[in-house]
Amino acid sequence: VEVDVDIEIVCLSGLESRHCGWRLEAGLDDVPAVVDVLDRIWERDPGKPVVLVSTGLSGFWRLHRELAELGRNPFLVEATGIPETMLAGLSLDELIEYHAGFLVATLGDRRRAVKRRPPVTRRQLLRSLFIVPPEYVIPPRLRGRCPGEACPLGALDGERLDEQRCKGCLACLHRCPGVEVPAWTGVTGLAYAYEWVETRGLDGVLFICRRLLGRLDGEAVEASPARLLPFHVPCVGWLVPWLLQEIAGLGVYLHVYAGGEACSSCQLWGLVSSHVSELPATVSTELAEASMHAYTGYTRPRVGLDAVLERLSRAASRAAGGAAPRA
Ligand code: SF4
């Protein structure tokens with residue numbers, strides 16, 4: 001996979017890679033310094049996607065929120081680094097190429113993110129100087145009608161979506177066939193990840209939401225010796241069971257990092273937890289559970305990308321009632 005020329009690679013913490021376009025001594029947890037670099041990049045080229053490369057990932061969610069507060073789309077930024085080299089057994093260069101390619105594959109979804117001001121109660125409004133920072137959500141795309149009950153927050157009404165109410169959890173995707181599967185967790189994203197798993201002989205995929213990425217700093221090594229490809233999602237509620245089933249059926253181990261205390265403070269978890277618990281994957285924050293799946297990458301039957309794309313597209317088509325799936 002070639003790094004697209006339109007992606008900027010920023011190497012932090014003094015890390016070196018042949019892909020680095022910008023270099024900074026500060027780490028990802030130095031949020032003001034990282035925002036400053038991003039602003040300089042976006043001043044020249046607004047909306048340019050960026051991969052940050054750092055020794056640790058623990059500042060990523062703070063950065064995401066800070067960018068949203070400043071009115072910059074945080075979904076244009078991905079991060080990777082040393083914890084993911086331990087998780088996947090891939091080099092830093094390979095991980096940069098993987099994330100850069102993933103940014104390209106999912107750019108359409110990322111650019112659809114809308115700025116949303118969370119609703120406040122009347123009492124909060126009455127309190128003077130109460131400021132509610134904006135957040136960015138990627139809303140669902142509707143290709144048909146959905147009943148109001150499809151959204152637990154009442155953001156859906158027939159063919160209309162109230163973007164200011166929507167939290168981008170995609171709970172509606174599992175309740176209404178009129179909601180389109182995003183490229184991120186649909187055929188495009190999964191086929192892209194499968195190709196990496198297959199060509200590098202990896203054991204599986206770790207799906208993890210952007211909010212929890214920093215936890216990999218201390219925990220990535222626990223999956224060892226299994227080698228897992230990191231797959232960052234806006235919310236684990238975006239994962240689609242009938243598509244994951246196709247990948248799991250090929251002998252790829254799937255692990256969803258979610259649940260317990262890690263998700264207890266997440267507003268979206270209550271909306272998607274029942275659906276996530278039914279995914280054809282291990283759902284756990286114990287990465288040690290992945291370790292017993294080591295070496296499956298060597299024993300799995302080889303299935304080429306074309307055949308996998310066909311399987312995924314057929315599954316998407318079946319779920320859509322025969323309609324042409326989105327690639
Ligand atoms: S279920 Fe979630 S993503 Fe779907 S409309 Fe409601 S808030 Fe938005």
# chains A, B, ... in the order shown; residues from 1 in each chain; ligands from 1
$ residues_near_ligand --ligand "ligand 1" --cutoff "7 Å" --atoms "only C-alpha atoms and all ligand atoms" --output "count of residues only"
19
$ closest_atom_pairs --of "stretch 98-189 of chain A" --to "stretch 37-53 of chain A" --cutoff "9 Å" --atoms "only C-alpha atoms" --output "Markdown table"
| residue | atom | partner | partner_atom | distance |
| --- | --- | --- | --- | --- |
| A:His99 | CA | A:Val51 | CA | 7.1 |
| A:Ala100 | CA | A:Val51 | CA | 6.6 |
| A:Leu103 | CA | A:Pro49 | CA | 7.1 |
| A:Val104 | CA | A:Pro49 | CA | 8.3 |
| A:Leu107 | CA | A:Pro49 | CA | 8.1 |
| A:Arg111 | CA | A:Gly47 | CA | 8.4 |
$ write_last_selection --atoms "N, CA and C atoms" --output "short mmCIF file (atom, residue, chain, number, x, y, z; two decimals), in the first residue's frame"
data_model
loop_
_atom_site.label_atom_id
_atom_site.label_comp_id
_atom_site.auth_asym_id
_atom_site.auth_seq_id
_atom_site.Cartn_x
_atom_site.Cartn_y
_atom_site.Cartn_z
N HIS A 99 -2.31 2.87 8.48
CA HIS A 99 -3.25 3.91 8.93
C HIS A 99 -3.47 4.96 7.84
N ALA A 100 -2.42 5.26 7.08
CA ALA A 100 -2.59 6.24 6.00
C ALA A 100 -3.58 5.69 4.96
N LEU A 103 -7.06 5.83 6.40
CA LEU A 103 -7.61 7.19 6.34
C LEU A 103 -8.19 7.48 4.95
N VAL A 104 -7.46 7.06 3.93
CA VAL A 104 -7.94 7.28 2.56
C VAL A 104 -9.25 6.51 2.34
N LEU A 107 -12.13 8.24 4.24
CA LEU A 107 -12.17 9.71 4.21
C LEU A 107 -13.58 10.25 3.98
N ARG A 111 -15.17 12.96 6.49
CA ARG A 111 -15.51 14.33 6.05
C ARG A 111 -16.99 14.64 6.26
#
$ atom_distance --atom1 "atom CA of A:Leu92" --atom2 "atom CA of A:Asp30"
20.7 Å
$ residues_around --residues "A:His174" --least-positions-apart "3" --cutoff "10 Å" --atoms "only C-alpha atoms" --output "list of chain:residue names"
A:Ala150, A:Cys151, A:Leu170, A:Ala171, A:Pro177, A:Gly178, A:Val179, A:Val181, A:Gly237, A:Trp238, A:Leu239, A:Val240, A:Pro241, A:Val272, A:His275
$ residues_around --residues "A:Ala183" --least-positions-apart "3" --cutoff "8 Å" --atoms "only C-alpha atoms" --output "mmCIF file with N, CA and C atoms, in the first residue's frame"
data_model
loop_
_atom_site.group_PDB
_atom_site.id
_atom_site.type_symbol
_atom_site.label_atom_id
_atom_site.label_comp_id
_atom_site.auth_asym_id
_atom_site.auth_seq_id
_atom_site.Cartn_x
_atom_site.Cartn_y
_atom_site.Cartn_z
ATOM 1 N N ALA A 105 -9.258 5.243 2.772
ATOM 2 C CA ALA A 105 -10.433 4.389 2.538
ATOM 3 C C ALA A 105 -11.679 4.920 3.257
ATOM 4 N N THR A 106 -11.481 5.636 4.357
ATOM 5 C CA THR A 106 -12.619 6.064 5.173
ATOM 6 C C THR A 106 -12.823 7.580 5.140
ATOM 7 N N GLY A 108 -14.348 9.549 3.154
ATOM 8 C CA GLY A 108 -15.721 9.986 2.883
ATOM 9 C C GLY A 108 -16.524 10.070 4.168
ATOM 10 N N ASP A 109 -16.421 9.038 5.022
ATOM 11 C CA ASP A 109 -17.144 9.048 6.305
ATOM 12 C C ASP A 109 -16.613 10.168 7.207
ATOM 13 N N GLY A 186 -17.840 -1.100 6.957
ATOM 14 C CA GLY A 186 -18.526 -1.886 5.945
ATOM 15 C C GLY A 186 -17.539 -2.686 5.098
ATOM 16 N N VAL A 187 -17.943 -2.977 3.886
ATOM 17 C CA VAL A 187 -17.132 -3.818 2.994
ATOM 18 C C VAL A 187 -15.737 -3.207 2.791
ATOM 19 N N THR A 188 -15.693 -1.901 2.572
ATOM 20 C CA THR A 188 -14.409 -1.234 2.281
ATOM 21 C C THR A 188 -13.411 -1.403 3.428
ATOM 22 N N GLY A 189 -13.833 -1.001 4.638
ATOM 23 C CA GLY A 189 -12.922 -1.026 5.789
ATOM 24 C C GLY A 189 -12.487 -2.436 6.148
ATOM 25 N N ARG A 326 -23.069 -0.905 -0.713
ATOM 26 C CA ARG A 326 -22.105 0.159 -0.938
ATOM 27 C C ARG A 326 -20.708 -0.412 -0.850
ATOM 28 N N ALA A 327 -19.863 -0.134 -1.810
ATOM 29 C CA ALA A 327 -18.514 -0.689 -1.791
ATOM 30 C C ALA A 327 -17.682 -0.008 -0.735
#
$ residues_around --residues "A:Gly214" --least-positions-apart "3" --cutoff "7 Å" --atoms "only C-alpha atoms" --output "MDAnalysis selection string"
chainID A and resid 57:60 217
$ write_last_selection --atoms "C-alpha atoms" --output "PDB file, in the first residue's frame"
ATOM      1  CA  LEU A  57      -1.233   7.039  22.581  1.00  0.00           C
ATOM      2  CA  SER A  58      -2.578   8.263  25.896  1.00  0.00           C
ATOM      3  CA  GLY A  59      -3.121  11.879  24.819  1.00  0.00           C
ATOM      4  CA  PHE A  60      -5.194  10.981  21.773  1.00  0.00           C
ATOM      5  CA  ASP A 217       0.037   2.074  26.128  1.00  0.00           C
TER       6      ASP A 217
END
$ decode --residues "stretch 146-157 of chain A" --atoms "N, CA, C and O atoms" --output "JSON list (two decimals), in the first residue's frame"
[["chain", "number", "residue", "atom", "x", "y", "z"],
["A", 146, "CYS", "N", -37.02, 5.16, 8.26],
["A", 146, "CYS", "CA", -36.78, 4.47, 9.53],
["A", 146, "CYS", "C", -37.78, 4.98, 10.55],
["A", 146, "CYS", "O", -37.97, 6.20, 10.67],
["A", 147, "PRO", "N", -38.41, 4.06, 11.28],
["A", 147, "PRO", "CA", -39.36, 4.52, 12.30],
["A", 147, "PRO", "C", -38.63, 5.23, 13.43],
["A", 147, "PRO", "O", -37.45, 4.98, 13.66],
["A", 148, "GLY", "N", -39.31, 6.10, 14.13],
["A", 148, "GLY", "CA", -38.72, 6.85, 15.23],
["A", 148, "GLY", "C", -38.08, 5.95, 16.27],
["A", 148, "GLY", "O", -37.04, 6.28, 16.84],
["A", 149, "GLU", "N", -38.68, 4.75, 16.50],
["A", 149, "GLU", "CA", -38.15, 3.84, 17.53],
["A", 149, "GLU", "C", -36.75, 3.33, 17.19],
["A", 149, "GLU", "O", -36.06, 2.80, 18.06],
["A", 150, "ALA", "N", -36.32, 3.47, 15.93],
["A", 150, "ALA", "CA", -34.98, 2.97, 15.56],
["A", 150, "ALA", "C", -33.88, 3.74, 16.28],
["A", 150, "ALA", "O", -32.78, 3.24, 16.44],
["A", 151, "CYS", "N", -34.19, 4.96, 16.72],
["A", 151, "CYS", "CA", -33.17, 5.74, 17.43],
["A", 151, "CYS", "C", -33.57, 5.92, 18.89],
["A", 151, "CYS", "O", -34.61, 6.50, 19.18],
["A", 152, "PRO", "N", -32.75, 5.45, 19.82],
["A", 152, "PRO", "CA", -33.11, 5.58, 21.24],
["A", 152, "PRO", "C", -33.12, 7.03, 21.72],
["A", 152, "PRO", "O", -33.65, 7.32, 22.79],
["A", 153, "LEU", "N", -32.58, 7.93, 20.92],
["A", 153, "LEU", "CA", -32.55, 9.34, 21.32],
["A", 153, "LEU", "C", -33.58, 10.19, 20.59],
["A", 153, "LEU", "O", -33.60, 11.42, 20.71],
["A", 154, "GLY", "N", -34.40, 9.53, 19.77],
["A", 154, "GLY", "CA", -35.45, 10.26, 19.06],
["A", 154, "GLY", "C", -34.91, 11.19, 17.98],
["A", 154, "GLY", "O", -35.51, 12.23, 17.69],
["A", 155, "ALA", "N", -33.76, 10.83, 17.38],
["A", 155, "ALA", "CA", -33.19, 11.70, 16.34],
["A", 155, "ALA", "C", -33.71, 11.35, 14.95],
["A", 155, "ALA", "O", -33.40, 12.04, 13.99],
["A", 156, "LEU", "N", -34.47, 10.25, 14.85],
["A", 156, "LEU", "CA", -34.96, 9.81, 13.54],
["A", 156, "LEU", "C", -36.47, 9.94, 13.46],
["A", 156, "LEU", "O", -37.17, 9.65, 14.43],
["A", 157, "ASP", "N", -36.91, 10.35, 12.30],
["A", 157, "ASP", "CA", -38.35, 10.43, 12.08],
["A", 157, "ASP", "C", -38.59, 10.23, 10.60],
["A", 157, "ASP", "O", -38.39, 11.16, 9.82]]
